[in-house]
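A.B. asks: There's a structure below that I have some questions on.
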Amino acid sequence: MTVKVRFAPSPTGRLHVGNIRTGLINWLFARGEGGQFVLRIDDTDRERSTREYEQGIETDLTWLGMTWDEKHSQSARFPLYRDAMERLKSHGRLYPAYETQDELDRRRKVQLSRGQPPVYDRAALKLTDAERAALEAEGRRPHWRFRLEGKRVKWEDLARGHCEVDTASMSDPVLIREDGAFLYTLPSVVDDIDMAITHVVRGEDHVTNTGAQIEIFEALGARAPQFAHTTLLVGADGEGLSKRLGSLSIMDLREQGYEPLAIVSHLARIGTSDPLEPGDNIAGLAADFAFGKMARHPGRYDFDDLARINAAVLHAMPYETAQPRLANIGADLGEAFWLSVRSNVALFSGVGVWAHVVSGSVEPLIAEEDRPVVEAAAGLLPETLDGDSWSVWTSLVKAATGAKGRGLFMPLRRALTGLDHGPEMAVMLPLIGREKAVRRLAGETA
RNA sequence: GCGCCCUUCGUCUAUCGGUUAGGACCCCAGAUUUUCAAUCUGGUAAGAGGGGUUCGACUCCCCUAGGGCGUACCA
């Protein structure tokens with residue numbers, strides 16, 4: 001059986017690290033198994049769904065490298081849901097209920113205060129035809145609940161092992177709202193059947209849902225797919241991630257300059273036994289992926305880890321990969337430049353600083369006590385500068401001034417770059433060129 | 001309140017009854033770079049607490065504490 005999974009985001013906002021992780025795990029699992037990945041736009045809520053957000057989802061997935069084999073929009077599939085609805089009604093599994101939300105809230109509070117579980121009491125099931133007619137005559141419109149069998153639903157979960165949910169302890173789920181809108185549950189099950197989804201991979205916040213949904217699969221005459229419920233993410237402080245998801249959208253990370261490979265490597269490995277390191281590429285991450293590697297407790301999303309992985313991605317990036325992007329920002333100063341600069345940047349855009357040191361205007365940093373060394377060095381600078389010049393030159397300065405080690409190199413670095421850290425000076429010096437070097441050593445901004 | 005899941009170095013984790021409790025990050029030290037960064041090598045450091053079961057428990061069971069999730073006409 002070929003694996004076929006789906007990722008079903010709602011186009012009601014931008015993708016963030018929490019929901020993209022679920023999508024990514026689906027993608028990695030599918031690709032690792034040579035299976036298919038379906039993108040299913042959950043736009044049944046016509047009010048909140050927008051075309052722009054839908055486009056944003058595609059932009060983000062494409063940028064991350066998460067290609068899809070099929071794309072469907074649930075808004076185009078209402079006939080299917082209506083058909084399923086009719087079938088459930090005819091089997092007596094879907095019944096109308098007329099309580100208002102206020103009434104339901106009140107009942108829940110009463111049950112809770114009595115120490116009882118807040119489960120719907122199925123009062124609507126006992127309504128006579130006459131009572132229903134009276135309610136409708138009042139202008140009340142029903143919402144529709146799925147009648148649970150009330151049994152222990154069992155499945156073997158790829159991520160959590162044997163699972164059981166007692167549907168007798170849950171409320172009959174509302175499938176259709178008073179205004180006629182389909183809630184998430186029914187379209188999800190109907191589409192999983194229709195699209196022949198083999199594995200439903202989602203967060204463990206859906207575990208209880210799964211019990212009810214398996215009953216719906218069965219009520220529709222289908223066999224439930226396999227399930228994998230992965231742990232959720234918490235923030236670095238152990239708090240739930242939801243509180244600051246706003247700052248963690250994929251779009252924001254892209255705009256801040258994070259590498260897609262870093263984001264994907266980080267999300268793929270949080271909460272697994274693999275080290276938090278970059279993969280070679282997203283396909284490699286898929287090859288390494290296994291549910292068995294995932295821990296059973298919430299994974300920590302630490303922004304510092306992302307930053308570190310991002311730097312590591314850059315530190316290993318070959319010139320061929322970086323070249324077009326360097327050219328894009330006017331910083332393509334050759335392979336030697338990139339290879340020495342890449343280990344000094346945390347974000348790709350950081351290259352700009354070093355390009356500026358080479359071709360821009362820099363104010364030298366010359367401390368009073370370093371002045372003798374810098375002045376002596378200025379007089380000893382070779383006429384032509386190449387890869388060997390730095391070594392030759394600093395030897396001459398050492399001989400002339402007696403300065404050595406840190407006392408020799410830091411004054412020159414500071415004077416030439418205006419900074420106290422950076423790439424190999426042997427590479428930087430010829431790029432900076434004799435003219436600028438001379439002026440900077442003289443204390444001029446050049 | 002009730003239900004499900006979870007709890008190992010500072011952090012992320014391995015172990016699935018007998019191990020010097022392993023790896024990664026951080027940190028520290030050394031090497032290299034006649035400087036910083038980067039890189040390489042080495043090192044410090046752990047089984048929430050309490051009861052059981054067992055010749056033997058991080059591993060199995062129970063209790064307590066702590067955490068996550070669920071208990072919606074959200075997804």
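If you're wondering about the labels, chains in the structure tokens are A, B, ... by order shown, residues count from 1 in each chain, ligands from 1 in order shown.
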Kindly determine which residues of chain B lie within 10 Å of chain A, considering only C-alpha atoms (C1' of nucleotides), and give the answer as number ranges by chain.
C.D. replies: B: 1-7, 11-14, 23-25, 33-39, 67-75
A.B. asks: Excluding A:His199 and residues on its chain fewer than 4 positions from it, collect all residues at most 8 Å away from it, counting only C-alpha atoms (C1' of nucleotides), and give them as a list in words.
C.D. replies: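 So the residues in contact are Val3, Lys4, Val5, Pro225, Gln226, Phe227 and Ala228 of chain A.
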A.B. asks: Find the residues near A:Glu383: any atom within 12 Å, counting only C-alpha atoms (C1' of nucleotides), skip ones fewer than 6 places away on the same chain, and give them as a list in words.
C.D. replies: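 Contacts, in chain order: Ser389, Val392, Trp393, Pro430, Gly433, Arg434, Glu435, Ala437 and Val438 of chain A.
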A.B. asks: Filtering to C-alpha atoms, could you give me those residues as a CSV table (one decimal), in the first residue's frame?
C.D. replies:
chain,number,residue,atom,x,y,z
A,389,SER,CA,50.8,39.6,1.3
A,392,VAL,CA,54.8,38.8,4.4
A,393,TRP,CA,53.6,42.2,5.6
A,430,PRO,CA,44.0,42.0,-1.2
A,433,GLY,CA,43.2,46.8,-1.9
A,434,ARG,CA,46.2,48.9,-1.4
A,435,GLU,CA,44.6,52.3,-1.8
A,437,ALA,CA,44.4,50.0,3.1
A,438,VAL,CA,46.8,52.9,3.1
A.B. asks: Quick one: residues within 10 Å of B:U8, only C-alpha atoms (C1' of nucleotides), excluding same-chain residues fewer than 4 positions away - as a ChimeraX atom specification?
C.D. replies: /B:13-15,21,46-47,58
A.B. asks: Could you tell me, as a ChimeraX atom specification, which residues of stretch 13-182 of chain A DSSP assigns to strand (DSSP E or B) when given the backbone?
C.D. replies: /A:16,36-41,70-73,94-97,143-146,152-157,161-166,174-176,182
A.B. asks: Fewer than 2 positions away in the same chain doesn't count, so skip those; otherwise give me all residues within 9 Å of stretch 23-30 of chain A, counting only C-alpha atoms (C1' of nucleotides), as an NGL selection string.
C.D. replies: :A and (3-9 or 19-21 or 32-38 or 66-68 or 199-202 or 230 or 264 or 267-268 or 282-283 or 285-291)
A.B. asks: Mind the document's chain letters and residue numbers, and return as a PyMOL selection string the residues of stretch 323-407 of chain A that DSSP labels helix (DSSP H, G or I).
C.D. replies: chain A and resi 323-328+335-344+348-359+368-380+389-401+406-407
A.B. asks: Would you kindly return, as a VMD selection string, each protein, DNA or RNA residue with an atom no farther than 9 Å from any atom of stretch 46-58 of chain A, considering only C-alpha atoms (C1' of nucleotides) and excluding same-chain residues fewer than 5 positions away?
C.D. replies: chain A and resid 9 to 15 41 63 75 251
A.B. asks: Quick check, in Å to one decimal: how far apart do atom CA of A:Ile193 and atom CA of A:Ala219 lie?
C.D. replies: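 Between atom CA of A:Ile193 and atom CA of A:Ala219 the gap works out to 11.9 Å.
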A.B. asks: Determine, counting only C-alpha atoms (C1' of nucleotides), which protein, DNA and RNA residues have an atom within 9 Å of an atom of B:C60; residues of the same chain fewer than 3 positions away are not included. Present the result as a list of chain:residue names.
C.D. replies: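 The filter keeps B:G17, B:U53, B:A57.
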A.B. asks: Restrict the selected residues to N, CA and C atoms (P, O5', C5', C4', C3', O3' and C1' of nucleotides) and save them as a PDB file, in the first residue's frame.
C.D. replies:
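The file below, selection04.pdb, is the result:
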ATOM      1  P     G B  17      13.627  -4.840  28.758  1.00  0.00           P
ATOM      2  O5'   G B  17      14.522  -5.092  30.070  1.00  0.00           O
ATOM      3  C5'   G B  17      14.455  -4.210  31.144  1.00  0.00           C
ATOM      4  C4'   G B  17      15.690  -4.402  32.015  1.00  0.00           C
ATOM      5  C3'   G B  17      16.439  -5.685  31.644  1.00  0.00           C
ATOM      6  O3'   G B  17      17.754  -5.599  31.136  1.00  0.00           O
ATOM      7  C1'   G B  17      15.627  -5.697  33.941  1.00  0.00           C
ATOM      8  P     U B  53       8.055  -6.265  47.786  1.00  0.00           P
ATOM      9  O5'   U B  53       7.994  -6.841  46.308  1.00  0.00           O
ATOM     10  C5'   U B  53       6.731  -7.191  45.721  1.00  0.00           C
ATOM     11  C4'   U B  53       6.911  -7.500  44.264  1.00  0.00           C
ATOM     12  C3'   U B  53       8.180  -8.272  43.931  1.00  0.00           C
ATOM     13  O3'   U B  53       8.011  -9.663  44.166  1.00  0.00           O
ATOM     14  C1'   U B  53       7.945  -6.461  42.425  1.00  0.00           C
ATOM     15  P     A B  57      17.122  -3.210  42.136  1.00  0.00           P
ATOM     16  O5'   A B  57      17.633  -1.984  41.248  1.00  0.00           O
ATOM     17  C5'   A B  57      18.098  -2.103  39.901  1.00  0.00           C
ATOM     18  C4'   A B  57      17.271  -1.203  39.010  1.00  0.00           C
ATOM     19  C3'   A B  57      16.489  -0.188  39.831  1.00  0.00           C
ATOM     20  O3'   A B  57      17.058   1.106  39.918  1.00  0.00           O
ATOM     21  C1'   A B  57      15.085  -1.389  38.268  1.00  0.00           C
TER      22        A B  57
END
